[in-house]
Amino acid sequence: MLRARGGWRALRRCASLPRARRAVRLRVREALGAPEPADEVQVQGWVRSVRSQKEVLFLHINDGSSLENLQVVADPSLENRDLTFGSAVEVQGKLVKSPHKMQNMELKAETIRVVGPCDIWSFPLKMKKRHPLEYVRQFPHLRCRNNTLGSLLRIRSEATAAIHSFFQDNGYVHIHTPIITSNDCEGAGDLFQIETSNKARESAEKTHFFNVPAFLTVSGQLHLEVMSGAFTHVFTFGPTFRAENSQSRRHLAEFYMVEAELSFTESLQDIMQVMEDLFKTATSTVLSKCPRDVELFHKYMAPAQKVINVTEKSCNCWGCDLQTEHEKYLVKHCGEVPVFVINYPYDLKPFYMRDNEDGPQHTVAAVDLLVPGIGELCGGSLREERLPFLKSRLQRLGLADAYQWYLDLRKFGSVPHGGFGMGFERYLQYILGVDNIKDVIPFPRFSHSCLL
Ligand code: 4AD
Ligand code: MG
């Protein structure tokens, strides 16, 4: 009899089964990794293939717990009209050692119940077909049933956990920064403004729901800066919105950003070190937690596994703002490795970045991490912690009133501090070698497209 042991999750008895006999319900992953055969096992999932032979019926079922399917072997008498590719099934039987080298266990079915039939004629996914990513993108409600998106979403889930662990293990406090905000952190103007659906009333009454104009956040940085003034090291990891009118393969209107803020930090090197440690730790965790899923990408897409071993080169440059082409050139020039670019022109960067005082408003202590194939993966800086510098910059921009609270932070125990943000989708694109950012997020939103 199967018993929970080692890394096994507690096995569940299927109390809900209508039959007198109660089977142990296993996920496909658990069944495949079972240490020993077992009678009375139940597995549920979706049929990935059906092959009917004279003497035997083969099914492959998948429940999203692993890339590998569980092979079900059954008597042809168990076949029925509804048992097709895409249907949802509940199989009960014996878990036995598989004669196949590639698979540890298979399920010898005693009963097969079709829980939900699938209309295969109108189902856009086809059995054993490798659909192009652009094709499955048209079906955001169904593409998670495809191997590539399935692996991607499992990796995404592990990467999320790895990023949280990295920060928690290093003493950072996680902060839920708001999604709705009255600030424009980056000052770049690509904001989504929030209105109620009763827009007519708002404009008739000349009011805003929040009394002030409110926007979807473009960055949690300013709120993190508040918190770094009490917790020293903080991070946030949430949805971020930019109304960029871009359909490029590296821009989304809604994406996830990982942001960290560190108090008592005077050097860009310290910020760069955190970026590098975060990248390396999260990536090695992902590679070790889901090797098969990652392998799928490296088999069919650019081999990106080597990213974990490269050493970053440092590059000190000054000039105009970097366009995608410049970023590509720099990365190529340095030998197709991740590159830190530091000290950007003062006028090109947001108000919060620290003046390097290397000339009259010449450069700020900013850092971008550029990576091959993507361009900018992380952006960060030291923040202007000196009240007079910040005040005069905000005054010149006409923002001093709006950012009085931000100036306050420089009055009440201000410390040198800095931080950065990393685009989570760009991170996934890079480690997996995925060309288009729309294929690394479950429900992509970009200009002229908001499916579902
Ligand atoms: O460089 P950005 O604009 O930096 C900030 O917002 C800072 N306030 C972060 C901070 O210091 N706390 O954005 C950070 C990263 C970029 O490097 C990029 O990877 C990603 O966010 N990003 C996008 N990803 C997908 N779609 C977009 N439209 C993105 N815009 C930025
Ligand atoms: Mg940037």
# chains A, B, ... in the order shown; residues from 1 in each chain; ligands from 1
$ residues_near_ligand --ligand "ligand 1" --cutoff "7 Å" --atoms "only C-alpha atoms and all ligand atoms" --output "short mmCIF file (atom, residue, chain, number, x, y, z; two decimals) with N, CA and C atoms, in the first residue's frame"
data_model
loop_
_atom_site.label_atom_id
_atom_site.label_comp_id
_atom_site.auth_asym_id
_atom_site.auth_seq_id
_atom_site.Cartn_x
_atom_site.Cartn_y
_atom_site.Cartn_z
N CYS A 185 5.72 58.09 -10.65
CA CYS A 185 7.10 57.87 -10.19
C CYS A 185 8.13 58.17 -11.26
N GLU A 186 7.94 57.64 -12.46
CA GLU A 186 8.99 57.78 -13.47
C GLU A 186 8.91 59.10 -14.23
N VAL A 218 3.20 52.95 -12.00
CA VAL A 218 4.26 52.60 -12.96
C VAL A 218 5.47 52.03 -12.24
N SER A 219 5.46 52.12 -10.91
CA SER A 219 6.57 51.60 -10.11
C SER A 219 6.21 51.77 -8.64
N GLY A 220 6.61 50.81 -7.82
CA GLY A 220 6.34 50.92 -6.38
C GLY A 220 7.47 51.63 -5.65
N GLN A 221 8.42 52.16 -6.40
CA GLN A 221 9.64 52.70 -5.78
C GLN A 221 9.39 53.75 -4.70
N ARG A 242 2.07 50.43 -17.74
CA ARG A 242 2.60 51.54 -18.55
C ARG A 242 1.82 51.64 -19.85
N GLU A 244 2.39 52.44 -22.69
CA GLU A 244 3.31 52.63 -23.81
C GLU A 244 2.63 52.12 -25.06
N ARG A 250 9.25 43.32 -26.28
CA ARG A 250 9.73 43.43 -24.89
C ARG A 250 8.94 44.43 -24.06
N HIS A 251 7.78 44.86 -24.56
CA HIS A 251 6.94 45.79 -23.79
C HIS A 251 5.54 45.24 -23.59
N LEU A 252 5.04 45.42 -22.38
CA LEU A 252 3.66 45.09 -22.08
C LEU A 252 3.02 46.31 -21.42
N ALA A 253 1.70 46.37 -21.45
CA ALA A 253 1.01 47.46 -20.74
C ALA A 253 0.85 47.09 -19.27
N GLU A 254 0.77 45.77 -19.00
CA GLU A 254 0.72 45.28 -17.62
C GLU A 254 1.82 44.24 -17.47
N PHE A 255 2.75 44.50 -16.58
CA PHE A 255 3.82 43.53 -16.36
C PHE A 255 4.13 43.48 -14.87
N MET A 257 6.86 43.72 -11.80
CA MET A 257 8.19 44.25 -11.50
C MET A 257 8.61 43.85 -10.09
N GLU A 259 11.03 44.92 -7.16
CA GLU A 259 11.77 46.13 -6.79
C GLU A 259 12.34 45.99 -5.38
N ALA A 260 13.55 46.51 -5.22
CA ALA A 260 14.18 46.48 -3.90
C ALA A 260 14.66 47.88 -3.56
N GLU A 261 14.67 48.19 -2.29
CA GLU A 261 15.16 49.50 -1.84
C GLU A 261 16.01 49.27 -0.60
N ASP A 368 21.77 50.66 -15.25
CA ASP A 368 20.90 49.73 -15.98
C ASP A 368 21.68 48.45 -16.21
N GLU A 376 17.40 46.17 -21.77
CA GLU A 376 17.35 46.51 -20.34
C GLU A 376 16.54 45.50 -19.54
N LEU A 377 17.21 44.89 -18.56
CA LEU A 377 16.52 43.95 -17.67
C LEU A 377 16.22 44.62 -16.33
N CYS A 378 17.18 45.40 -15.83
CA CYS A 378 17.00 46.09 -14.54
C CYS A 378 17.35 47.57 -14.69
N GLY A 379 16.65 48.39 -13.93
CA GLY A 379 17.00 49.81 -13.88
C GLY A 379 17.00 50.24 -12.43
N GLY A 380 18.03 50.97 -12.03
CA GLY A 380 18.08 51.40 -10.63
C GLY A 380 18.94 52.63 -10.47
N SER A 381 19.07 53.07 -9.22
CA SER A 381 19.89 54.27 -8.97
C SER A 381 20.10 54.45 -7.47
N GLY A 419 18.07 51.73 -4.96
CA GLY A 419 17.35 50.49 -5.26
C GLY A 419 17.22 50.31 -6.75
N PHE A 420 16.45 49.30 -7.11
CA PHE A 420 16.29 48.99 -8.53
C PHE A 420 15.00 48.23 -8.77
N GLY A 421 14.64 48.15 -10.04
CA GLY A 421 13.50 47.33 -10.45
C GLY A 421 13.93 46.39 -11.55
N MET A 422 13.41 45.16 -11.50
CA MET A 422 13.70 44.19 -12.56
C MET A 422 12.37 43.75 -13.19
N GLY A 423 12.27 43.84 -14.50
CA GLY A 423 11.05 43.38 -15.18
C GLY A 423 11.01 41.86 -15.15
N PHE A 424 9.97 41.33 -14.51
CA PHE A 424 9.91 39.87 -14.31
C PHE A 424 9.74 39.13 -15.64
N GLU A 425 8.93 39.68 -16.54
CA GLU A 425 8.74 39.00 -17.82
C GLU A 425 10.02 39.02 -18.65
N ARG A 426 10.75 40.14 -18.59
CA ARG A 426 12.02 40.19 -19.33
C ARG A 426 13.01 39.19 -18.74
#
$ select_by_dssp --residues "stretch 17-257 of chain A" --states "helix (DSSP H, G or I)" --output "JSON, numbers by chain"
{"A": [28, 29, 30, 31, 32, 76, 77, 78, 133, 134, 135, 136, 143, 144, 145, 147, 148, 149, 150, 151, 152, 153, 154, 155, 156, 157, 158, 159, 160, 161, 162, 163, 164, 165, 166, 167, 168, 169, 199, 200, 201, 202, 203, 204, 221, 222, 223, 224, 225, 226, 227, 228, 229, 230, 231]}
$ select_by_dssp --residues "stretch 227-387 of chain A" --states "strand (DSSP E)" --output "PyMOL selection string"
chain A and resi 233-241+254-263+313-316+339-345+363-371+375-382
$ residues_around --residues "A:Thr177" --least-positions-apart "4" --cutoff "8 Å" --atoms "only C-alpha atoms" --output "list of chain:residue names"
A:Gly220, A:His223, A:Leu224, A:Thr236, A:Gly238
$ closest_residue --among "A:Leu348, A:Ala31, A:Val89, A:Leu191" --to "ligand 2" --atoms "only C-alpha atoms and all ligand atoms"
A:Leu348
